[in-house]
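**Student:** My structure is below; once you've seen it, I'll send some questions.
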Amino acid sequence: MAFKQMEQISQFLKAAEAYGVRTTDIFQTVDLWEGKDMAAVQRTLMALGSVAVTKDDGCYRGEPSWFHRKAQQNRRGFSEEQLRQGQNVIGLQMGSNKGASQAGMTGYGMPRQIL
């Protein structure tokens with residue numbers, strides 16, 4: 001009986017992966033069978049619900065607000081002029097030199113001058 005139940009859990013996991021749940025979101029069979037990691041089981045069910053709501057193929061008939069809808073593709077088209085203008089912008093992630101200086105800094109290994 002135990003082998004049959006573990007086989008059914010494995011079949012569920014294969015079906016969830018075939019439906020579109022990522023393999024990183026799928027729990028291991030022993031997580032459910034032995035009750036080791038029930039949070040992983042819950043994450044798998046949430047991921048399965050999110051895929052079902054996102055696909056909207058009629059397989060899920062429950063309340064859609066229980067699950068979040070996964071992001072869909074959102075392509076953007078830029079003209080050549082817009083791409084050229086973007087090359088002239090210095091992003092804030094690269095930092096800026098406004099207000100920054102090394103005045104008063106001492107070299108490595110030198111003691112701080114406390115006056």
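Ligands are numbered from 1 in the order shown, residues from 1 within each chain, and chains are lettered A, B, ... in the order they appear in the structure tokens.
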Would you mind writing down, as a ChimeraX atom specification, each residue of segment 1-112 of chain A that DSSP on the backbone assigns to helix (DSSP H, G or I)?

**Tutor:** /A:2-19,23-25,29-33,38-55,64-66,80-87,92-94

**Student:** Considering only C-alpha atoms, return as number ranges by chain whatever protein or nucleic-acid residues lie within 10 Å of Leu45 of chain A, sequence-local ones (same chain, fewer than 6 positions apart) excluded.

**Tutor:** A: 16, 21, 25-27, 39, 51, 67

**Student:** Let me see the file: selected residues, all heavy atoms, as a short mmCIF file (atom, residue, chain, number, x, y, z; two decimals), in the first residue's frame.

**Tutor:**
data_model
loop_
_atom_site.label_atom_id
_atom_site.label_comp_id
_atom_site.auth_asym_id
_atom_site.auth_seq_id
_atom_site.Cartn_x
_atom_site.Cartn_y
_atom_site.Cartn_z
N ALA A 16 2.35 17.60 -12.75
CA ALA A 16 2.51 19.03 -12.46
C ALA A 16 3.63 19.62 -13.30
O ALA A 16 3.50 20.74 -13.83
CB ALA A 16 2.79 19.23 -10.97
N VAL A 21 4.67 23.55 -14.18
CA VAL A 21 5.30 23.95 -12.92
C VAL A 21 6.80 23.72 -13.05
O VAL A 21 7.22 22.65 -13.52
CB VAL A 21 4.72 23.15 -11.73
CG1 VAL A 21 5.42 23.54 -10.44
CG2 VAL A 21 3.23 23.38 -11.62
N ASP A 25 10.21 24.33 -8.26
CA ASP A 25 9.05 24.54 -7.39
C ASP A 25 8.41 23.23 -6.93
O ASP A 25 7.44 23.25 -6.18
CB ASP A 25 7.99 25.38 -8.12
CG ASP A 25 8.41 26.81 -8.31
OD1 ASP A 25 9.26 27.28 -7.53
OD2 ASP A 25 7.90 27.47 -9.24
N ILE A 26 8.92 22.11 -7.39
CA ILE A 26 8.30 20.82 -7.10
C ILE A 26 9.00 20.15 -5.92
O ILE A 26 10.22 20.09 -5.86
CB ILE A 26 8.34 19.91 -8.35
CG1 ILE A 26 7.46 20.53 -9.44
CG2 ILE A 26 7.89 18.50 -8.01
CD1 ILE A 26 7.42 19.75 -10.71
N PHE A 27 8.20 19.63 -4.99
CA PHE A 27 8.75 18.97 -3.81
C PHE A 27 9.17 17.54 -4.14
O PHE A 27 8.83 17.01 -5.19
CB PHE A 27 7.72 18.97 -2.66
CG PHE A 27 6.47 18.18 -2.95
CD1 PHE A 27 6.38 16.83 -2.65
CD2 PHE A 27 5.36 18.80 -3.51
CE1 PHE A 27 5.23 16.10 -2.90
CE2 PHE A 27 4.20 18.08 -3.77
CZ PHE A 27 4.14 16.74 -3.47
N ALA A 39 6.11 22.61 3.99
CA ALA A 39 6.16 23.94 3.36
C ALA A 39 6.50 23.79 1.88
O ALA A 39 5.96 24.54 1.05
CB ALA A 39 7.18 24.82 4.07
N VAL A 51 0.14 28.59 -12.04
CA VAL A 51 0.24 28.20 -13.46
C VAL A 51 -1.15 28.01 -14.04
O VAL A 51 -1.44 28.44 -15.16
CB VAL A 51 1.10 26.92 -13.61
CG1 VAL A 51 1.00 26.36 -15.02
CG2 VAL A 51 2.54 27.21 -13.26
N PHE A 67 -4.55 32.71 -6.00
CA PHE A 67 -3.22 32.54 -6.58
C PHE A 67 -2.85 33.79 -7.37
O PHE A 67 -3.71 34.51 -7.87
CB PHE A 67 -3.19 31.33 -7.52
CG PHE A 67 -3.62 30.07 -6.85
CD1 PHE A 67 -4.88 29.53 -7.10
CD2 PHE A 67 -2.79 29.41 -5.97
CE1 PHE A 67 -5.29 28.36 -6.49
CE2 PHE A 67 -3.20 28.24 -5.35
CZ PHE A 67 -4.44 27.72 -5.60
#

**Student:** Please provide as number ranges by chain all residues within 7 Å of segment 53-57 of chain A, with the sequence filter that same-chain residues fewer than 6 positions apart are discarded (counting only C-alpha atoms).

**Tutor:** A: 64, 69-70

**Student:** Do you have the atom CA of Lys4 of chain A-atom CA of Gln42 of chain A distance handy?

**Tutor:**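 Rounded to one decimal, the two atoms are 21.9 Å apart.
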
**Student:** Counting only C-alpha atoms, figure out which residue out of A:Ile9, A:Lys14, A:Arg22, A:Val89 gets nearest to Glu34 of chain A.

**Tutor:**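 Ranked by minimum distance to Glu34 of chain A, first place goes to A:Ile9.
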